[in-house]
>>> print(open('query_30.cif').read())   # mmCIF, C-alpha atoms
data_model
#
loop_
_atom_site.group_PDB
_atom_site.id
_atom_site.type_symbol
_atom_site.label_atom_id
_atom_site.label_comp_id
_atom_site.auth_asym_id
_atom_site.auth_seq_id
_atom_site.Cartn_x
_atom_site.Cartn_y
_atom_site.Cartn_z
ATOM 1 C CA MET A 1 19.043 43.313 30.952
ATOM 2 C CA ALA A 2 17.904 39.782 31.772
ATOM 3 C CA PRO A 3 20.157 36.976 30.533
ATOM 4 C CA THR A 4 19.018 35.039 27.450
ATOM 5 C CA LEU A 5 17.786 31.605 28.491
ATOM 6 C CA ALA A 6 18.602 28.519 26.473
ATOM 7 C CA PRO A 7 15.532 26.848 24.930
ATOM 8 C CA ARG A 8 13.974 24.239 27.188
ATOM 9 C CA SER A 9 14.976 20.746 26.074
ATOM 10 C CA ARG A 10 12.945 17.607 26.244
ATOM 11 C CA SER A 11 14.319 14.980 28.595
ATOM 12 C CA ILE A 12 14.394 11.172 28.628
ATOM 13 C CA THR A 13 11.566 9.477 30.529
ATOM 14 C CA LYS A 14 12.504 5.846 29.994
ATOM 15 C CA ALA A 15 15.451 3.768 28.742
ATOM 16 C CA ILE A 16 14.784 0.218 27.581
ATOM 17 C CA LEU A 17 17.399 -2.315 26.482
ATOM 18 C CA SER A 18 16.472 -4.024 23.223
ATOM 19 C CA LYS A 19 17.351 -7.649 23.872
ATOM 20 C CA GLU A 20 18.108 -9.909 20.938
ATOM 21 C CA GLN A 21 15.429 -12.419 19.937
ATOM 22 C CA SER A 22 14.575 -14.758 17.060
ATOM 23 C CA GLU A 23 12.205 -13.574 14.339
ATOM 24 C CA GLY A 24 11.211 -14.704 10.867
ATOM 25 C CA ALA A 25 13.269 -17.626 9.537
ATOM 26 C CA GLY A 26 16.657 -17.727 11.242
ATOM 27 C CA ALA A 27 16.831 -13.960 11.740
ATOM 28 C CA ARG A 28 17.893 -12.166 14.906
ATOM 29 C CA VAL A 29 16.340 -8.842 15.904
ATOM 30 C CA ARG A 30 16.668 -6.379 18.752
ATOM 31 C CA ARG A 31 13.116 -5.136 19.315
ATOM 32 C CA SER A 32 12.789 -1.541 20.479
ATOM 33 C CA ILE A 33 9.172 -0.357 20.235
ATOM 34 C CA GLY A 34 6.927 -3.426 20.458
ATOM 35 C CA ARG A 35 8.483 -4.980 23.573
ATOM 36 C CA PRO A 36 6.290 -5.752 26.613
ATOM 37 C CA GLU A 37 7.838 -2.725 28.352
ATOM 38 C CA LEU A 38 6.900 -0.432 25.445
ATOM 39 C CA ARG A 39 4.116 -2.050 23.439
ATOM 40 C CA ASN A 40 3.729 0.957 21.146
ATOM 41 C CA HIS A 41 4.562 4.647 21.132
ATOM 42 C CA ASP A 42 1.770 6.297 19.134
ATOM 43 C CA PRO A 43 1.997 6.530 16.146
ATOM 44 C CA PHE A 44 4.831 3.962 16.165
ATOM 45 C CA LEU A 45 4.044 0.265 16.515
ATOM 46 C CA MET A 46 7.446 -1.399 16.312
ATOM 47 C CA LEU A 47 11.138 -0.827 15.647
ATOM 48 C CA ASP A 48 13.478 -3.756 15.025
ATOM 49 C CA GLU A 49 17.235 -3.672 14.564
ATOM 50 C CA PHE A 50 17.788 -6.776 12.457
ATOM 51 C CA ASN A 51 20.852 -8.893 11.767
ATOM 52 C CA VAL A 52 20.315 -11.590 9.181
ATOM 53 C CA ASP A 53 22.863 -13.929 7.616
ATOM 54 C CA LYS A 54 22.461 -15.377 4.131
ATOM 55 C CA ASN A 55 20.472 -18.347 5.450
ATOM 56 C CA GLY A 56 17.861 -16.275 7.314
ATOM 57 C CA GLY A 57 15.217 -13.750 6.397
ATOM 58 C CA PHE A 58 11.529 -12.951 6.408
ATOM 59 C CA PRO A 59 9.740 -15.198 3.875
ATOM 60 C CA ASP A 60 6.220 -14.633 2.524
ATOM 61 C CA HIS A 61 3.978 -12.806 5.017
ATOM 62 C CA PRO A 62 1.062 -10.332 4.916
ATOM 63 C CA HIS A 63 0.442 -6.800 6.240
ATOM 64 C CA ARG A 64 -2.567 -4.511 6.521
ATOM 65 C CA GLY A 65 -3.285 -1.144 8.145
ATOM 66 C CA PHE A 66 0.175 0.418 8.607
ATOM 67 C CA GLU A 67 3.495 1.299 6.976
ATOM 68 C CA THR A 68 6.840 -0.492 7.154
ATOM 69 C CA VAL A 69 10.030 1.549 6.788
ATOM 70 C CA THR A 70 13.184 -0.452 6.063
ATOM 71 C CA TYR A 71 16.513 1.365 6.382
ATOM 72 C CA MET A 72 19.698 -0.539 5.577
ATOM 73 C CA ILE A 73 22.930 -0.009 7.508
ATOM 74 C CA GLU A 74 25.043 -2.839 6.124
ATOM 75 C CA GLY A 75 24.529 -5.449 3.417
ATOM 76 C CA GLN A 76 21.679 -5.838 0.940
ATOM 77 C CA PHE A 77 18.054 -6.940 1.231
ATOM 78 C CA GLN A 78 15.774 -8.177 -1.530
ATOM 79 C CA HIS A 79 12.054 -7.525 -1.597
ATOM 80 C CA GLU A 80 9.247 -9.060 -3.644
ATOM 81 C CA ASP A 81 5.463 -8.777 -3.329
ATOM 82 C CA PHE A 82 2.376 -10.349 -4.848
ATOM 83 C CA ALA A 83 1.821 -7.336 -7.133
ATOM 84 C CA GLY A 84 5.096 -7.925 -8.976
ATOM 85 C CA HIS A 85 7.116 -5.238 -7.189
ATOM 86 C CA LYS A 86 10.680 -6.491 -6.763
ATOM 87 C CA GLY A 87 13.990 -4.858 -5.901
ATOM 88 C CA THR A 88 17.120 -4.695 -3.778
ATOM 89 C CA ILE A 89 18.199 -2.078 -1.243
ATOM 90 C CA GLY A 90 21.758 -1.678 0.003
ATOM 91 C CA PRO A 91 23.708 0.250 2.672
ATOM 92 C CA GLY A 92 22.034 3.573 3.463
ATOM 93 C CA ASP A 93 19.056 2.895 1.177
ATOM 94 C CA LEU A 94 15.420 3.279 2.220
ATOM 95 C CA GLN A 95 12.160 1.544 1.412
ATOM 96 C CA TRP A 96 8.969 3.176 2.743
ATOM 97 C CA MET A 97 6.110 0.737 2.135
ATOM 98 C CA THR A 98 2.484 1.631 2.765
ATOM 99 C CA ALA A 99 0.699 -1.702 3.174
ATOM 100 C CA GLY A 100 -2.743 -0.095 3.270
ATOM 101 C CA ARG A 101 -5.523 -2.577 2.490
ATOM 102 C CA GLY A 102 -3.156 -5.453 1.949
ATOM 103 C CA ILE A 103 0.275 -6.677 0.886
ATOM 104 C CA VAL A 104 1.882 -10.111 0.911
ATOM 105 C CA HIS A 105 5.624 -9.938 0.463
ATOM 106 C CA SER A 106 8.993 -11.469 1.207
ATOM 107 C CA GLU A 107 12.151 -9.773 2.553
ATOM 108 C CA MET A 108 15.362 -11.760 2.228
ATOM 109 C CA PRO A 109 19.107 -11.003 2.324
ATOM 110 C CA VAL A 110 21.185 -11.247 -0.844
ATOM 111 C CA LYS A 111 22.722 -14.722 -0.683
ATOM 112 C CA SER A 112 26.229 -13.664 -1.779
ATOM 113 C CA GLN A 113 26.869 -11.629 1.388
ATOM 114 C CA THR A 114 27.706 -12.510 4.975
ATOM 115 C CA ARG A 115 24.969 -10.500 6.704
ATOM 116 C CA ALA A 116 22.344 -7.798 6.350
ATOM 117 C CA HIS A 117 21.982 -5.226 9.142
ATOM 118 C CA GLY A 118 19.333 -2.538 9.325
ATOM 119 C CA LEU A 119 16.226 -1.130 10.953
ATOM 120 C CA GLN A 120 12.555 -1.718 10.282
ATOM 121 C CA LEU A 121 10.013 0.718 11.697
ATOM 122 C CA TRP A 122 6.243 0.151 11.718
ATOM 123 C CA ILE A 123 4.121 3.320 11.617
ATOM 124 C CA ASN A 124 0.386 3.165 12.220
ATOM 125 C CA LEU A 125 -1.913 4.567 9.542
ATOM 126 C CA PRO A 126 -4.776 6.924 10.404
ATOM 127 C CA LYS A 127 -8.197 5.309 10.182
ATOM 128 C CA GLU A 128 -8.994 7.055 6.895
ATOM 129 C CA HIS A 129 -5.864 5.603 5.235
ATOM 130 C CA LYS A 130 -5.902 2.038 6.578
ATOM 131 C CA MET A 131 -7.597 0.691 3.454
ATOM 132 C CA CYS A 132 -5.685 2.793 0.905
ATOM 133 C CA GLU A 133 -3.951 1.180 -2.042
ATOM 134 C CA PRO A 134 -0.432 -0.106 -1.307
ATOM 135 C CA GLN A 135 2.404 2.243 -2.245
ATOM 136 C CA TYR A 136 6.203 2.291 -2.234
ATOM 137 C CA GLN A 137 8.731 5.076 -1.837
ATOM 138 C CA GLU A 138 12.307 3.944 -2.407
ATOM 139 C CA LEU A 139 15.403 6.104 -2.094
ATOM 140 C CA LEU A 140 19.051 5.263 -2.613
ATOM 141 C CA ASP A 141 21.506 6.472 0.015
ATOM 142 C CA SER A 142 22.679 9.192 -2.391
ATOM 143 C CA GLN A 143 19.095 10.496 -2.739
ATOM 144 C CA ILE A 144 18.577 11.057 1.002
ATOM 145 C CA PRO A 145 19.539 14.640 1.924
ATOM 146 C CA ARG A 146 22.018 15.459 4.700
ATOM 147 C CA ALA A 147 22.191 18.310 7.174
ATOM 148 C CA THR A 148 25.577 19.297 8.627
ATOM 149 C CA PRO A 149 24.826 21.633 11.537
ATOM 150 C CA GLN A 150 28.558 21.663 12.439
ATOM 151 C CA ASP A 151 31.769 19.818 11.635
ATOM 152 C CA GLY A 152 31.563 16.285 12.962
ATOM 153 C CA VAL A 153 27.749 16.108 12.990
ATOM 154 C CA VAL A 154 25.881 14.653 10.002
ATOM 155 C CA VAL A 155 22.114 14.131 9.962
ATOM 156 C CA LYS A 156 20.476 12.058 7.230
ATOM 157 C CA VAL A 157 16.949 13.408 6.831
ATOM 158 C CA ILE A 158 14.934 10.279 6.025
ATOM 159 C CA ALA A 159 11.608 11.951 6.841
ATOM 160 C CA GLY A 160 10.704 15.396 8.125
ATOM 161 C CA GLU A 161 13.232 18.195 8.551
ATOM 162 C CA SER A 162 16.501 18.923 10.340
ATOM 163 C CA HIS A 163 18.488 22.176 10.370
ATOM 164 C CA GLY A 164 16.734 23.524 7.285
ATOM 165 C CA VAL A 165 17.061 20.326 5.236
ATOM 166 C CA LYS A 166 13.813 18.593 4.240
ATOM 167 C CA SER A 167 13.086 15.048 3.141
ATOM 168 C CA GLN A 168 11.181 14.303 -0.053
ATOM 169 C CA VAL A 169 9.373 11.332 1.534
ATOM 170 C CA TYR A 170 5.597 11.732 1.736
ATOM 171 C CA THR A 171 4.153 10.732 5.120
ATOM 172 C CA ARG A 172 0.438 10.219 5.706
ATOM 173 C CA SER A 173 0.761 11.642 9.204
ATOM 174 C CA PRO A 174 3.496 14.092 10.292
ATOM 175 C CA THR A 175 6.675 12.075 10.948
ATOM 176 C CA MET A 176 10.387 12.699 11.572
ATOM 177 C CA TYR A 177 13.027 10.037 10.957
ATOM 178 C CA LEU A 178 16.634 11.263 11.316
ATOM 179 C CA ASP A 179 19.915 9.330 11.303
ATOM 180 C CA PHE A 180 22.565 11.087 13.415
ATOM 181 C CA ARG A 181 26.299 10.429 13.317
ATOM 182 C CA MET A 182 28.232 12.547 15.796
ATOM 183 C CA ASP A 183 31.948 12.700 16.486
ATOM 184 C CA LYS A 184 33.053 12.866 20.118
ATOM 185 C CA ASN A 185 32.804 16.152 22.066
ATOM 186 C CA LYS A 186 29.949 17.603 20.014
ATOM 187 C CA THR A 187 26.669 19.283 21.004
ATOM 188 C CA VAL A 188 23.661 19.723 18.736
ATOM 189 C CA THR A 189 20.049 20.789 19.223
ATOM 190 C CA GLN A 190 17.268 19.189 17.216
ATOM 191 C CA THR A 191 13.896 20.906 16.938
ATOM 192 C CA ILE A 192 10.700 18.877 17.313
ATOM 193 C CA PRO A 193 7.054 20.036 17.106
ATOM 194 C CA SER A 194 5.575 20.470 20.577
ATOM 195 C CA THR A 195 2.796 17.930 19.968
ATOM 196 C CA PHE A 196 5.021 15.098 18.695
ATOM 197 C CA THR A 197 5.866 11.966 20.655
ATOM 198 C CA GLY A 198 9.362 10.698 20.003
ATOM 199 C CA PHE A 199 12.264 8.451 20.895
ATOM 200 C CA ILE A 200 15.926 7.881 20.179
ATOM 201 C CA TYR A 201 17.332 4.455 19.360
ATOM 202 C CA MET A 202 21.053 4.130 20.004
ATOM 203 C CA LEU A 203 22.977 2.066 17.463
ATOM 204 C CA LYS A 204 26.542 2.710 18.601
ATOM 205 C CA GLY A 205 28.487 4.688 21.203
ATOM 206 C CA LYS A 206 27.041 7.002 23.844
ATOM 207 C CA ALA A 207 25.008 10.190 23.706
ATOM 208 C CA TYR A 208 23.839 12.506 26.481
ATOM 209 C CA ILE A 209 20.303 13.820 26.104
ATOM 210 C CA GLY A 210 18.623 16.893 27.554
ATOM 211 C CA SER A 211 19.774 19.414 30.140
ATOM 212 C CA LYS A 212 20.257 16.590 32.667
ATOM 213 C CA GLU A 213 22.544 14.783 30.195
ATOM 214 C CA PHE A 214 20.808 11.410 30.385
ATOM 215 C CA GLU A 215 23.288 8.784 29.185
ATOM 216 C CA GLY A 216 22.093 6.740 26.219
ATOM 217 C CA ASN A 217 23.931 3.528 25.385
ATOM 218 C CA ALA A 218 23.937 1.232 22.365
ATOM 219 C CA HIS A 219 20.800 -0.863 21.725
ATOM 220 C CA HIS A 220 18.685 1.213 24.128
ATOM 221 C CA THR A 221 15.417 2.972 23.300
ATOM 222 C CA LEU A 222 15.173 6.395 24.953
ATOM 223 C CA THR A 223 11.658 7.862 25.064
ATOM 224 C CA LEU A 224 11.371 11.654 24.988
ATOM 225 C CA SER A 225 9.323 13.592 27.511
ATOM 226 C CA GLU A 226 6.033 15.097 26.349
ATOM 227 C CA ASN A 227 6.447 18.445 28.079
ATOM 228 C CA GLY A 228 5.695 20.639 25.065
ATOM 229 C CA ALA A 229 9.325 21.646 24.590
ATOM 230 C CA GLU A 230 10.358 22.071 20.967
ATOM 231 C CA THR A 231 14.049 21.200 21.202
ATOM 232 C CA VAL A 232 16.177 18.231 22.189
ATOM 233 C CA LYS A 233 19.774 18.839 23.256
ATOM 234 C CA ILE A 234 22.155 16.007 22.329
ATOM 235 C CA GLN A 235 25.830 15.749 23.312
ATOM 236 C CA THR A 236 28.710 13.369 22.861
ATOM 237 C CA LYS A 237 31.717 13.262 25.168
ATOM 238 C CA ASP A 238 34.614 10.837 24.858
ATOM 239 C CA GLU A 239 33.283 8.669 22.021
ATOM 240 C CA ASP A 240 31.396 8.911 18.736
ATOM 241 C CA ALA A 241 27.697 8.103 18.541
ATOM 242 C CA HIS A 242 25.319 6.754 15.911
ATOM 243 C CA PHE A 243 21.567 6.819 16.561
ATOM 244 C CA VAL A 244 18.180 7.446 14.977
ATOM 245 C CA PHE A 245 15.797 10.160 16.159
ATOM 246 C CA ILE A 246 12.169 9.271 15.396
ATOM 247 C CA ALA A 247 9.076 11.335 16.226
ATOM 248 C CA GLY A 248 5.532 11.865 14.998
ATOM 249 C CA GLU A 249 2.093 13.285 15.617
ATOM 250 C CA PRO A 250 0.085 10.829 17.776
ATOM 251 C CA LEU A 251 -3.031 9.484 16.051
ATOM 252 C CA LYS A 252 -4.902 9.010 19.349
ATOM 253 C CA GLU A 253 -6.946 6.214 17.814
ATOM 254 C CA PRO A 254 -7.631 2.706 19.168
ATOM 255 C CA ILE A 255 -4.986 0.148 18.200
ATOM 256 C CA VAL A 256 -6.171 -3.406 17.623
ATOM 257 C CA GLN A 257 -3.197 -5.451 16.495
ATOM 258 C CA HIS A 258 -2.893 -9.108 15.673
ATOM 259 C CA GLY A 259 0.562 -9.916 14.336
ATOM 260 C CA PRO A 260 0.961 -8.232 10.919
ATOM 261 C CA PHE A 261 -2.548 -6.711 10.904
ATOM 262 C CA VAL A 262 -3.357 -3.405 12.651
ATOM 263 C CA MET A 263 -6.869 -1.953 12.680
ATOM 264 C CA ASN A 264 -8.983 0.216 15.005
ATOM 265 C CA SER A 265 -11.722 -2.160 16.181
ATOM 266 C CA LYS A 266 -13.363 -5.546 15.657
ATOM 267 C CA GLU A 267 -12.767 -5.025 11.935
ATOM 268 C CA ILE A 268 -9.561 -6.950 12.664
ATOM 269 C CA TYR A 269 -11.730 -10.076 12.347
ATOM 270 C CA ASP A 270 -12.746 -8.992 8.841
ATOM 271 C CA THR A 271 -9.038 -8.850 8.021
ATOM 272 C CA PHE A 272 -8.584 -12.493 9.058
ATOM 273 C CA VAL A 273 -11.444 -13.457 6.733
ATOM 274 C CA ASP A 274 -10.147 -11.307 3.865
ATOM 275 C CA TYR A 275 -6.699 -12.878 4.082
ATOM 276 C CA GLN A 276 -8.040 -16.412 4.437
ATOM 277 C CA PHE A 277 -10.339 -16.066 1.424
ATOM 278 C CA ASN A 278 -8.082 -13.841 -0.740
ATOM 279 C CA GLN A 279 -10.462 -10.892 -0.921
ATOM 280 C CA ASN A 280 -10.699 -7.120 -0.287
ATOM 281 C CA GLY A 281 -7.058 -6.410 -1.058
ATOM 282 C CA PHE A 282 -5.631 -9.938 -0.796
ATOM 283 C CA GLU A 283 -6.945 -11.272 -4.140
ATOM 284 C CA ARG A 284 -3.434 -11.616 -5.582
ATOM 285 C CA ALA A 285 -2.280 -13.725 -2.638
ATOM 286 C CA LEU A 286 -4.061 -16.771 -4.070
ATOM 287 C CA ASN A 287 -1.376 -19.316 -5.036
ATOM 288 C CA TRP A 288 1.361 -16.629 -4.949
ATOM 289 C CA ARG A 289 4.840 -17.619 -3.773
ATOM 290 C CA SER A 290 7.871 -15.367 -3.898
ATOM 291 C CA THR A 291 10.902 -16.380 -5.953
ATOM 292 C CA ILE A 292 13.455 -15.007 -3.470
ATOM 293 C CA ALA A 293 12.448 -16.896 -0.302
#
>>> encode(input="query_30.cif", output="structure tokens")
Amino acid sequence: MAPTLAPRSRSITKAILSKEQSEGAGARVRRSIGRPELRNHDPFLMLDEFNVDKNGGFPDHPHRGFETVTYMIEGQFQHEDFAGHKGTIGPGDLQWMTAGRGIVHSEMPVKSQTRAHGLQLWINLPKEHKMCEPQYQELLDSQIPRATPQDGVVVKVIAGESHGVKSQVYTRSPTMYLDFRMDKNKTVTQTIPSTFTGFIYMLKGKAYIGSKEFEGNAHHTLTLSENGAETVKIQTKDEDAHFVFIAGEPLKEPIVQHGPFVMNSKEIYDTFVDYQFNQNGFERALNWRSTIA
């Protein structure tokens, strides 16, 4: 009888250090996706690990044509937009914002704390959804389901599925967003659809990816191979690890981006006009100023 072969694992094709840079007003971010070395990773446009003290933040600014996903690790962030939506998210909480045809908002740390630390992911919208109405999905940490494939391995299922546990978040294109915390000397296998592109962003510690045990270190983006394999083998050795595993179905559409606007073609110029003249989704931006900035 032939021996049973282990499932083929995806490997790491590239590792990029996310160097700290200034962003917004006095904020510091480590940019993962969106750097010159990795401009985008279809369908993902950007991933920032942000650290903001009480004097920094991201005051009033617009978006169109994509989704922003804010996931808090430490501290609290306030949010307010021109439609009157306002709230606060804290450690482990999630805000999944679909900007669609237009949002102007502000994102600022709660002033009573020392710092706010988290991740913000930008996900491109398919052409047919770029001009949809804005929408929010907000979950407290306690509302995000966990998978525990073994002792010492906990996976928060922010979007998609892991080890039989499914997220309640609605995604306009198939997306996985998983937060892994692994004790040392653990091995886990994560399934991934064969057509998905994906990456791992290391927050803390070291992890070893794939059959070749590629070493992933903190603040590095590790892009997954696109070899059709449907599993990713992940190990820890002599230290714990904390990382996010993000993957999705590529849109395979043109990306025309100018700052906070992402469209498919020369319609990006229409967006400039719409924002300038407060029309076609930006009507409520006229004379609006947030109260939290």
>>> closest_residue(input="query_30.cif", among="A:Asp141, A:Glu249, A:Glu283, A:Glu215", to="Glu74 of chain A", atoms="only C-alpha atoms")
A:Asp141
>>> resolve_selection(input="query_30.cif", expression="the PyMOL selection byres ((chain A and resi 182-189) around 6)", output="PyMOL selection string")
chain A and resi 152-153+181+190+232-241
>>> closest_atom_pairs(input="query_30.cif", of="segment 107-127 of chain A", to="segment 25-40 of chain A", cutoff="12 Å", atoms="all atoms listed in the file", output="JSON lines")
{"residue": "A:Glu107", "atom": "CA", "partner": "A:Ala25", "partner_atom": "CA", "distance": 10.6}
{"residue": "A:Met108", "atom": "CA", "partner": "A:Ala25", "partner_atom": "CA", "distance": 9.6}
{"residue": "A:Pro109", "atom": "CA", "partner": "A:Ala27", "partner_atom": "CA", "distance": 10.1}
{"residue": "A:Arg115", "atom": "CA", "partner": "A:Ala27", "partner_atom": "CA", "distance": 10.2}
{"residue": "A:Ala116", "atom": "CA", "partner": "A:Ala27", "partner_atom": "CA", "distance": 9.9}
{"residue": "A:His117", "atom": "CA", "partner": "A:Val29", "partner_atom": "CA", "distance": 9.5}
{"residue": "A:Gly118", "atom": "CA", "partner": "A:Val29", "partner_atom": "CA", "distance": 9.6}
{"residue": "A:Leu119", "atom": "CA", "partner": "A:Val29", "partner_atom": "CA", "distance": 9.2}
{"residue": "A:Gln120", "atom": "CA", "partner": "A:Arg31", "partner_atom": "CA", "distance": 9.7}
{"residue": "A:Leu121", "atom": "CA", "partner": "A:Ile33", "partner_atom": "CA", "distance": 8.6}
{"residue": "A:Trp122", "atom": "CA", "partner": "A:Ile33", "partner_atom": "CA", "distance": 9.0}
{"residue": "A:Ile123", "atom": "CA", "partner": "A:Asn40", "partner_atom": "CA", "distance": 9.8}
{"residue": "A:Asn124", "atom": "CA", "partner": "A:Asn40", "partner_atom": "CA", "distance": 9.8}
>>> atom_distance(input="query_30.cif", atom1="atom CA of Val273 of chain A", atom2="atom CA of Ala99 of chain A")
17.3 Å
>>> atom_distance(input="query_30.cif", atom1="atom CA of Asp93 of chain A", atom2="atom CA of Thr291 of chain A")
22.1 Å
>>> residues_near_point(input="query_30.cif", point="(12.6, 3.8, 23.4)", cutoff="6 Å", atoms="all atoms listed in the file", output="PDB file with C-alpha atoms, in the frame of the given file")
ATOM      1  CA  ILE A  16      14.784   0.218  27.581  1.00  0.00           C
ATOM      2  CA  PHE A 199      12.264   8.451  20.895  1.00  0.00           C
ATOM      3  CA  THR A 221      15.417   2.972  23.300  1.00  0.00           C
ATOM      4  CA  LEU A 222      15.173   6.395  24.953  1.00  0.00           C
ATOM      5  CA  THR A 223      11.658   7.862  25.064  1.00  0.00           C
TER       6      THR A 223
END
>>> closest_residue(input="query_30.cif", among="A:Pro59, A:Gly92, A:Gly248, A:Gly205", to="Gln78 of chain A", atoms="all atoms listed in the file")
A:Pro59
>>> atom_distance(input="query_30.cif", atom1="atom CA of Gln76 of chain A", atom2="atom CA of His105 of chain A")
16.6 Å
>>> closest_residue(input="query_30.cif", among="A:Asn280, A:Ser11, A:Thr68, A:Gln21", to="Pro260 of chain A", atoms="all atoms listed in the file")
A:Thr68
>>> resolve_selection(input="query_30.cif", expression="the PyMOL selection byres ((chain A and resi 173-176) around 7)", output="list in words")
Ala159, Gly160, Glu161, Thr171, Arg172, Tyr177, Leu178, Ile246, Ala247, Gly248 and Glu249 of chain A
>>> resolve_selection(input="query_30.cif", expression="the PyMOL selection byres ((chain A and resi 164) around 12)", output="PyMOL selection string")
chain A and resi 145-149+155+157+160-163+165-167+190-191
>>> closest_residue(input="query_30.cif", among="A:Glu138, A:Glu253, A:Asp270, A:Glu230", to="Lys86 of chain A", atoms="all atoms listed in the file")
A:Glu138
>>> closest_residue(input="query_30.cif", among="A:Ala207, A:Ala229, A:Ala218, A:Ile103", to="Gln279 of chain A", atoms="only C-alpha atoms")
A:Ile103
>>> closest_residue(input="query_30.cif", among="A:Asp81, A:Asp151, A:Glu20, A:Asp53", to="Thr114 of chain A", atoms="only C-alpha atoms")
A:Asp53
>>> residues_around(input="query_30.cif", residues="Tyr201 of chain A", least_positions_apart="4", cutoff="7 Å", atoms="all atoms listed in the file", output="MDAnalysis selection string")
chainID A and resid 219:222 243:245
